[in-house]
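Here is the file final-v9.cif (mmCIF, C-alpha atoms).
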```
data_entry
loop_
_atom_site.label_atom_id
_atom_site.label_comp_id
_atom_site.auth_asym_id
_atom_site.auth_seq_id
_atom_site.Cartn_x
_atom_site.Cartn_y
_atom_site.Cartn_z
CA MET A 465 0.00 0.00 0.00
CA SER A 466 2.79 2.37 0.93
CA VAL A 467 4.47 1.79 -2.43
CA LEU A 468 1.67 3.45 -4.37
CA PHE A 469 0.85 6.09 -1.80
CA ARG A 470 4.50 7.05 -1.46
CA HIS A 471 4.75 7.37 -5.24
CA GLY A 472 1.74 9.68 -5.15
CA LEU A 473 3.54 11.87 -2.58
CA GLU A 474 6.68 11.94 -4.70
CA LEU A 475 4.70 13.13 -7.72
CA ALA A 476 2.79 15.74 -5.71
CA TRP A 477 6.04 17.16 -4.27
CA SER A 478 8.03 16.76 -7.48
CA ASP A 479 8.80 20.51 -7.92
CA GLY A 480 9.54 21.01 -4.26
CA ARG A 481 6.14 22.42 -3.35
CA LEU A 482 2.72 20.88 -2.69
CA SER A 483 -0.22 22.70 -4.24
CA LYS A 484 -3.76 22.67 -2.86
CA ARG A 485 -4.82 20.57 -5.82
CA GLY A 486 -2.01 18.20 -5.10
CA ALA A 487 -3.16 17.84 -1.47
CA ILE A 488 -6.72 17.06 -2.64
CA LEU A 489 -5.42 14.46 -5.06
CA ILE A 490 -3.46 12.86 -2.21
CA GLU A 491 -6.71 12.61 -0.26
CA ASN A 492 -8.34 10.92 -3.26
CA LEU A 493 -5.49 8.49 -3.56
CA GLN A 494 -5.89 7.55 0.10
CA ASN A 495 -9.53 6.71 -0.60
CA ILE A 496 -8.76 4.75 -3.77
CA LEU A 497 -6.18 2.66 -1.92
CA GLU A 498 -8.52 2.38 1.07
CA LEU A 499 -5.90 3.53 3.52
CA SER A 500 -6.86 4.43 7.07
CA ASP A 501 -5.68 7.76 8.48
CA SER A 502 -3.16 6.04 10.70
CA GLN A 503 -1.81 4.00 7.79
CA ARG A 504 -1.53 7.16 5.71
CA SER A 505 0.15 9.10 8.52
CA VAL A 506 2.88 6.47 8.91
CA VAL A 507 3.88 6.85 5.26
CA GLU A 508 3.35 10.60 4.99
CA GLU A 509 5.17 11.52 8.21
CA LYS A 510 8.16 9.45 7.20
CA TYR A 511 8.21 11.21 3.83
CA HIS A 512 7.87 14.68 5.40
CA LEU A 513 10.71 13.99 7.80
CA GLN A 514 13.13 12.22 5.50
CA ILE A 515 12.56 13.67 1.99
CA VAL A 516 10.73 17.01 2.06
CA PRO A 517 13.42 18.93 4.03
CA HIS A 518 15.94 18.08 1.32
CA LEU A 519 13.78 19.17 -1.61
CA ILE A 520 14.83 22.32 -3.42
CA PRO A 521 11.75 24.47 -4.11
CA ARG A 522 11.69 25.43 -7.79
CA GLY A 523 8.02 25.46 -8.77
CA MET A 524 4.45 26.21 -7.74
CA GLY A 525 3.25 22.71 -7.03
CA SER A 526 2.98 21.61 -10.65
CA GLY A 527 3.48 18.05 -9.50
CA ALA A 528 -0.28 17.85 -8.96
CA SER A 529 -0.84 17.49 -12.71
CA THR A 530 1.63 14.61 -12.92
CA LEU A 531 -0.07 12.96 -9.96
CA ASP A 532 -3.45 13.33 -11.57
CA GLN A 533 -2.24 11.70 -14.80
CA TRP A 534 -0.70 8.81 -12.96
CA MET A 535 -3.82 8.16 -10.88
CA THR A 536 -5.97 8.20 -13.99
CA SER A 537 -3.77 5.72 -15.83
CA LEU A 538 -3.69 3.46 -12.75
CA ILE A 539 -7.47 3.46 -12.53
CA ASP A 540 -7.72 2.86 -16.28
CA LEU A 541 -5.75 -0.37 -16.00
CA ASP A 542 -8.74 -1.88 -14.26
CA ASP A 543 -9.21 -5.38 -15.75
CA GLU A 544 -5.66 -5.51 -17.08
CA LEU A 545 -4.12 -4.91 -13.67
CA PRO A 546 -4.26 -8.56 -12.44
CA ARG A 547 -2.51 -9.81 -15.62
CA TYR A 548 0.28 -7.29 -15.21
CA LEU A 549 0.75 -8.04 -11.53
CA VAL A 550 0.92 -11.81 -12.13
CA SER A 551 3.50 -11.21 -14.82
CA MET A 552 5.52 -8.85 -12.63
CA GLY A 553 5.44 -11.35 -9.78
CA ARG A 554 6.84 -14.08 -12.02
CA GLN A 555 9.52 -11.82 -13.46
CA SER A 556 10.64 -10.69 -10.04
CA LEU A 557 11.00 -14.28 -8.86
CA ARG A 558 13.59 -14.94 -11.56
CA THR A 559 15.94 -12.42 -10.01
CA GLY A 560 14.89 -13.20 -6.46
CA ILE A 561 12.35 -11.30 -4.42
CA SER A 562 13.24 -9.88 -1.02
CA LYS A 563 11.01 -10.23 2.00
CA GLN A 564 10.47 -6.47 2.18
CA ALA A 565 9.57 -6.28 -1.52
CA TRP A 566 7.10 -9.10 -1.12
CA ILE A 567 5.44 -7.44 1.87
CA GLU A 568 5.18 -4.04 0.15
CA VAL A 569 3.98 -5.16 -3.25
CA PHE A 570 1.60 -7.80 -1.94
CA ALA A 571 0.00 -5.16 0.28
CA ALA A 572 -0.27 -2.78 -2.68
CA ALA A 573 -1.72 -5.51 -4.87
CA GLU A 574 -4.25 -6.33 -2.16
CA ARG A 575 -5.26 -2.67 -2.07
CA MET A 576 -5.88 -2.88 -5.80
CA GLU A 577 -7.75 -6.16 -5.22
CA CYS A 578 -5.14 -8.17 -7.09
CA GLY A 579 -3.26 -9.70 -4.16
CA PHE A 580 -4.20 -13.27 -5.02
CA GLU A 581 -3.09 -12.88 -8.64
CA PHE A 582 0.24 -11.38 -7.70
CA ALA A 583 0.81 -14.16 -5.16
CA ARG A 584 0.10 -16.82 -7.78
CA GLY A 585 2.68 -15.25 -10.06
CA VAL A 586 5.26 -15.57 -7.33
CA TRP A 587 4.32 -18.76 -5.47
CA GLU A 588 2.73 -21.04 -8.06
CA PRO A 589 5.40 -22.15 -10.53
CA GLU A 590 2.99 -24.52 -12.30
CA PHE A 591 0.60 -21.64 -13.02
CA GLU A 592 1.10 -20.51 -16.63
CA VAL A 593 1.98 -16.83 -16.76
CA GLU A 594 2.23 -14.61 -19.81
CA ILE A 595 5.25 -12.35 -19.53
CA LEU A 596 4.15 -8.80 -20.31
CA ALA A 597 5.81 -5.39 -20.42
CA TRP A 598 4.19 -3.43 -17.61
CA PRO A 599 2.68 0.02 -18.18
CA GLU A 600 4.38 3.13 -16.82
CA ALA A 601 1.74 3.50 -14.15
CA LEU A 602 3.15 0.38 -12.49
CA ASP A 603 6.73 1.62 -12.40
CA PRO A 604 6.66 2.15 -8.63
CA VAL A 605 5.70 -1.52 -8.22
CA ALA A 606 8.44 -2.56 -10.63
CA LYS A 607 10.98 -0.51 -8.64
CA SER A 608 9.96 -2.16 -5.40
CA LEU A 609 10.37 -5.58 -6.98
CA GLY A 610 13.79 -4.70 -8.32
CA LEU A 611 12.63 -4.96 -11.92
CA LEU A 612 13.46 -1.34 -12.54
CA LEU A 613 16.51 0.51 -11.32
CA GLU A 614 15.91 3.66 -9.31
CA GLU A 615 17.58 5.80 -12.00
CA GLU A 616 15.29 4.47 -14.71
CA MET B 267 118.40 -126.34 8.52
CA PHE B 268 120.52 -123.19 8.46
CA ILE B 269 119.86 -119.78 9.79
CA ASP B 270 120.41 -118.18 6.38
CA GLU B 271 118.06 -120.62 4.77
CA PRO B 272 114.87 -118.89 3.94
CA ILE B 273 111.88 -120.20 5.67
CA GLU B 274 108.93 -120.75 3.30
CA ASP B 275 106.25 -120.09 5.92
CA GLU B 276 107.70 -116.71 6.81
CA ASP B 277 107.82 -115.71 3.11
CA ASP B 278 104.13 -116.44 2.64
CA VAL B 279 103.02 -113.87 5.26
CA ASP B 280 102.01 -110.54 3.68
CA PRO B 281 103.20 -107.77 5.96
CA PHE B 282 100.55 -105.29 4.60
CA GLU B 283 97.89 -107.84 5.29
CA ALA B 284 99.35 -108.52 8.68
CA LEU B 285 99.30 -104.82 9.52
CA ASN B 286 95.85 -104.36 7.93
CA VAL B 287 97.11 -101.72 5.51
CA SER B 288 95.75 -101.33 1.99
CA THR B 289 98.15 -102.05 -0.78
CA THR B 290 96.31 -99.93 -3.40
CA ALA B 291 97.69 -96.56 -4.39
CA PRO B 292 96.15 -93.61 -2.47
CA ALA B 293 94.91 -91.90 -5.70
CA ALA B 294 93.12 -95.02 -6.84
CA ARG B 295 91.59 -95.45 -3.41
CA GLY B 296 90.38 -91.81 -3.34
CA ALA B 297 88.68 -92.19 -6.72
CA SER B 298 86.83 -95.29 -5.59
CA LEU B 299 85.76 -93.49 -2.41
CA LEU B 300 84.38 -90.54 -4.45
CA ASP B 301 82.52 -93.00 -6.63
CA ALA B 302 80.95 -94.46 -3.55
CA PHE B 303 79.78 -91.02 -2.37
CA GLY B 304 78.32 -90.25 -5.77
CA GLU B 305 76.27 -93.42 -5.76
CA ASP B 306 74.92 -92.65 -2.28
CA ASP B 307 73.77 -89.11 -3.30
CA GLU B 308 71.80 -90.40 -6.22
CA LYS B 309 70.13 -93.28 -4.45
CA GLU B 310 69.28 -91.96 -0.97
CA PRO B 311 67.01 -88.96 -1.85
CA LEU B 312 64.96 -91.11 -4.13
CA GLU B 313 64.48 -93.66 -1.41
CA GLU B 314 63.57 -90.95 1.16
CA GLU B 315 61.15 -89.22 -1.23
CA GLY B 316 59.46 -92.50 -1.88
CA GLU B 317 59.04 -93.12 1.81
CA VAL B 318 57.64 -89.67 2.48
CA ILE B 319 55.15 -89.87 -0.39
CA ALA B 320 54.11 -93.31 0.75
CA THR B 321 53.50 -92.15 4.29
CA LEU B 322 51.53 -89.10 3.14
CA GLU B 323 49.39 -91.21 0.85
CA MET B 324 48.66 -93.64 3.59
CA GLY B 325 47.93 -90.90 6.06
CA GLY B 326 50.88 -92.12 7.91
CA MET B 327 51.90 -88.75 9.12
CA MET B 328 50.38 -89.49 12.49
CA GLU B 329 52.47 -92.59 12.78
CA MET B 330 55.72 -90.80 12.15
CA ASP B 331 58.31 -90.73 14.80
CA GLU B 332 58.45 -87.68 16.97
CA GLU B 333 61.91 -86.92 15.76
CA ILE B 334 60.75 -86.87 12.13
CA VAL B 335 57.73 -84.73 12.97
CA GLU B 336 59.96 -82.22 14.67
CA SER B 337 62.21 -82.12 11.67
CA PHE B 338 59.31 -81.51 9.23
CA ILE B 339 56.99 -79.20 11.21
CA PRO B 340 58.42 -75.98 12.61
CA SER B 341 58.20 -75.61 16.32
CA ASP B 342 55.85 -72.57 15.93
CA GLU B 343 53.06 -74.78 14.69
CA THR B 344 53.36 -77.54 17.17
CA GLY B 345 51.71 -75.56 19.95
CA GLU B 346 54.82 -74.46 21.73
CA GLU B 347 53.73 -70.83 21.39
CA GLU B 348 50.48 -71.50 23.21
CA VAL B 349 52.56 -71.51 26.30
CA GLU B 350 53.83 -68.06 25.41
CA GLU B 351 50.30 -66.79 24.67
CA ASP B 352 49.14 -67.83 28.05
CA ILE B 353 51.45 -65.31 29.58
CA ASP B 354 49.42 -62.43 30.94
CA PRO B 355 50.74 -59.15 29.48
CA PHE B 356 49.37 -57.23 32.46
CA GLU B 357 51.29 -59.49 34.77
CA GLU B 358 54.37 -59.08 32.65
CA LEU B 359 54.08 -55.27 32.84
CA GLY B 360 53.16 -55.36 36.49
CA ALA B 361 49.92 -53.44 35.79
CA ALA B 362 46.50 -54.16 37.23
CA ARG B 363 44.21 -56.11 34.91
CA PRO B 364 40.97 -54.25 34.00
CA ASN B 365 37.93 -55.81 35.57
CA VAL B 366 35.99 -57.09 32.58
CA VAL B 367 34.19 -59.76 34.46
CA GLN B 368 30.82 -58.71 35.88
CA SER B 369 31.64 -57.05 39.08
CA THR B 370 29.69 -56.97 42.26
CA ASN B 371 31.26 -53.64 43.06
CA THR B 372 28.44 -51.11 43.57
CA ASN B 373 30.51 -48.20 42.28
CA VAL B 374 30.88 -49.90 38.93
CA ASN B 375 27.18 -50.63 38.78
CA ASP B 376 26.35 -47.00 39.56
CA ALA B 377 28.60 -45.76 36.79
CA LEU B 378 26.82 -48.03 34.35
CA ALA B 379 23.45 -46.97 35.66
CA ALA B 380 24.33 -43.33 34.98
CA PHE B 381 24.62 -44.13 31.29
CA MET B 382 21.30 -45.91 31.16
CA ASP B 383 18.24 -44.03 30.01
CA GLU B 384 15.78 -44.08 32.85
CA ASP B 385 12.83 -43.54 30.55
CA GLU B 386 13.55 -46.64 28.58
CA TYR B 387 13.51 -48.97 31.54
CA GLN B 388 10.14 -48.93 33.11
CA GLY B 389 9.67 -52.41 34.45
CA PRO B 390 10.26 -53.48 38.02
CA GLU B 391 13.71 -54.79 38.84
CA ASN B 392 14.45 -58.48 39.08
CA THR B 393 10.86 -59.60 38.66
CA ILE B 394 10.68 -63.21 37.77
CA VAL B 395 7.22 -64.69 37.85
CA PHE B 396 7.13 -68.45 37.96
CA GLU B 397 4.32 -70.59 36.77
CA GLY B 398 1.43 -70.68 39.19
CA GLU B 399 2.79 -67.71 41.09
CA SER B 400 0.62 -64.59 40.85
CA THR B 401 2.01 -61.06 40.65
CA THR B 402 1.30 -58.58 43.40
CA LYS B 403 -1.17 -55.69 43.14
CA GLU B 404 1.63 -53.15 42.97
CA ASP B 405 3.19 -54.98 40.07
CA THR B 406 -0.02 -55.01 38.08
CA ASN B 407 -0.62 -51.32 38.76
CA GLU B 408 2.88 -50.50 37.61
CA GLN B 409 2.39 -52.59 34.51
CA LYS B 410 -0.87 -50.77 33.77
CA LYS B 411 0.86 -47.43 34.14
CA VAL B 412 3.55 -48.49 31.70
CA GLU B 413 0.94 -49.69 29.22
CA GLU B 414 -0.93 -46.39 29.55
CA LYS B 415 2.26 -44.46 28.96
CA ILE B 416 2.98 -46.45 25.82
CA GLN B 417 -0.57 -45.91 24.62
CA VAL B 418 -0.34 -42.15 25.19
CA LYS B 419 2.92 -42.07 23.29
CA ALA B 420 1.33 -43.95 20.39
CA GLU B 421 -1.73 -41.71 20.38
CA LYS B 422 0.32 -38.49 20.50
CA PRO B 423 -0.66 -36.62 17.31
CA ARG B 424 1.99 -36.00 14.71
CA ALA B 425 2.85 -32.46 13.67
CA GLN B 426 -0.05 -30.84 11.85
CA PRO B 427 0.57 -30.29 8.13
CA GLU B 428 -0.01 -26.56 8.57
CA GLU B 429 2.56 -26.36 11.38
CA LEU B 430 5.06 -28.25 9.29
CA TYR B 431 4.37 -26.01 6.32
CA ARG B 432 4.72 -22.88 8.47
CA PHE B 433 8.09 -24.17 9.67
CA LEU B 434 9.28 -24.66 6.10
CA LEU B 435 7.93 -21.30 4.99
CA GLU B 436 9.78 -19.55 7.78
CA GLY B 437 12.94 -21.24 6.59
CA VAL B 438 12.44 -19.87 3.08
CA TRP B 439 12.83 -16.30 4.33
CA VAL B 440 15.93 -16.96 6.39
CA ASP B 441 18.23 -15.46 3.75
CA ASP B 442 15.65 -12.69 3.09
CA VAL B 443 15.39 -13.59 -0.60
CA LEU B 444 12.90 -15.88 -2.26
CA ASP B 445 14.15 -17.74 -5.33
CA PRO B 446 12.49 -20.09 -7.88
CA ALA B 447 13.93 -23.24 -6.25
CA GLU B 448 12.37 -22.36 -2.90
CA VAL B 449 9.06 -21.59 -4.56
CA ALA B 450 9.12 -24.95 -6.36
CA LEU B 451 9.90 -26.71 -3.08
CA MET B 452 7.03 -25.01 -1.29
CA ALA B 453 4.63 -25.83 -4.14
CA ARG B 454 5.64 -29.51 -3.86
CA LYS B 455 5.18 -29.42 -0.10
CA ARG B 456 1.71 -27.94 -0.50
CA ARG B 457 0.74 -30.86 -2.71
CA GLU B 458 2.27 -33.40 -0.33
CA LEU B 459 0.66 -31.91 2.77
CA GLY B 460 -2.65 -31.13 1.08
CA ILE B 461 -2.46 -27.38 1.75
CA SER B 462 -4.44 -25.04 -0.46
CA PHE B 463 -2.99 -21.86 -1.94
CA GLU B 464 -5.36 -19.79 0.20
CA THR B 465 -4.05 -21.48 3.35
CA HIS B 466 -0.53 -20.82 2.11
CA LEU B 467 -1.32 -17.09 1.84
CA LYS B 468 -2.89 -17.11 5.30
CA ILE B 469 0.18 -18.74 6.87
CA LEU B 470 2.48 -16.42 4.92
CA LYS B 471 0.66 -13.34 6.24
CA GLN B 472 0.89 -14.69 9.79
CA ILE B 473 4.62 -15.29 9.45
CA LEU B 474 5.32 -11.85 7.98
CA HIS B 475 3.23 -9.96 10.50
CA ASP B 476 4.51 -11.79 13.57
#
```

Would you kindly transcribe this structure into structure tokens?
Amino acid sequence: MSVLFRHGLELAWSDGRLSKRGAILIENLQNILELSDSQRSVVEEKYHLQIVPHLIPRGMGSGASTLDQWMTSLIDLDDELPRYLVSMGRQSLRTGISKQAWIEVFAAAERMECGFEFARGVWEPEFEVEILAWPEALDPVAKSLGLLLEEE
Amino acid sequence: MFIDEPIEDEDDVDPFEALNVSTTAPAARGASLLDAFGEDDEKEPLEEEGEVIATLEMGGMMEMDEEIVESFIPSDETGEEEVEEDIDPFEELGAARPNVVQSTNTNVNDALAAFMDEDEYQGPENTIVFEGESTTKEDTNEQKKVEEKIQVKAEKPRAQPEELYRFLLEGVWVDDVLDPAEVALMARKRRELGISFETHLKILKQILHD
């Protein structure tokens, strides 16, 4: 869950400032991911303490637009999302999946109601999986699984 | 008859014969002696071989003279060394012989008892029940207890499949990285233990959130 929510925060703060629109979109994301206030606060506080102080302000909170686009594309995946998550689970297993990555991505997949599919991709070797190139909207998931380097 | 007149009788006496000395030349005598030795060497071994073979064929070895037996069989095999073997090496070294024979010494018995597993031996000591002789009440009670214990042990449930699976799943995360071989192993274990994928996810969540 924190994987996707944290990515939303990164996008909203991408120019070093958080706009009002960006803050509203963060609220929406919390609802989409069905995060409780306490769950949200754990992620957001950590981000405010560790990342925000080091950001160099250079904009007027334009990150809100980027966040909006990303949320739209994530919602648009809809029926395709389980297929991608199964595929990403299988691909991550080839390189080895860490305990932390499993915990994070499985939680995120559960929030998107695809936890079972993602788990099958990882834990059921006899289950036939089609290897797909994941959409950009799932990059934060791919990063957590080690499928995408941070720089990419 | 005159003194100078030769006496016939005296002339007939051979002085060599009288002195028992051979008249043949020493060289000729030596040659004949060598011939005699040569004949002996050729004949005697053949005769001896024949005798030995004959005695062996007849099983006559046992009937051989002691002197012959000694000459054929080395003294090592005749049992002379048995006497040497009987010598106690501990005695020879002046050391005390270890007490291998069952000892009545209580200290020795205690040391042995310390090595014995108390759980394994549950029966009463030195209980010999003869025919027609009934066992006491205490004995029967003790026997019942032992039987109950055995029954409880037999009835003790084996590890639940889920517990076993949880144990294996915990082991998978020991190195913090999950790889395809571990996943394949866990899939096989699920089949063997009859664990569904949903149960697997439930156990996995419990492990990770503990």

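Run against this file, the PyMOL selection byres ((chain B) within 9 of (chain A)) gives back B:Trp439, B:Asp441, B:Asp442, B:Val443, B:Leu444, B:Asp445, B:Pro446, B:Val449, B:Ala450, B:Met452, B:Ala453, B:Phe463, B:Glu464, B:Leu467, B:Lys471, B:Leu474.
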
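Counting from atom CA of B:Asp476, the distance to atom CA of A:Leu497 is 23.7 Å.
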
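Minimum atom-to-atom distances from A:Asp543, A:Glu508, A:Ser466, A:Gly523 to A:Asp479 were compared using all atoms listed in the file, and the lowest value belongs to A:Gly523.
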
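Atom pair atom CA of A:Leu475 / atom CA of A:Thr530: separated by 6.2 Å.
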
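Using all atoms listed in the file, the shortest contact distance between A:Pro517 and any of A:Val605, A:Arg485, A:Cys578, A:Gly480 is found at A:Gly480.
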
Query - Residues selected by the PyMOL selection byres ((chain A and resi 548) around 10), written as a PyMOL selection string - result: chain A and resi 541+543-547+549-554+578+581-582+585+593-599+602

What lies within 7 Å of A:Pro604 using all atoms listed in the file, ignoring chain neighbours under 6 positions off, as a PDB file with C-alpha atoms, keeping the file's coordinate frame?
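Output below, filename around-v7.pdb:
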```pdb
ATOM      1  CA  VAL A 467       4.470   1.790  -2.430  1.00  0.00           C
ATOM      2  CA  LEU A 468       1.670   3.450  -4.370  1.00  0.00           C
ATOM      3  CA  HIS A 471       4.750   7.370  -5.240  1.00  0.00           C
TER       4      HIS A 471
END
```

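Using all atoms listed in the file for every distance, the candidate list A:Met576, A:Ala606, A:Val506, A:Ile488 yields A:Ile488 as the residue closest to A:Asp532.
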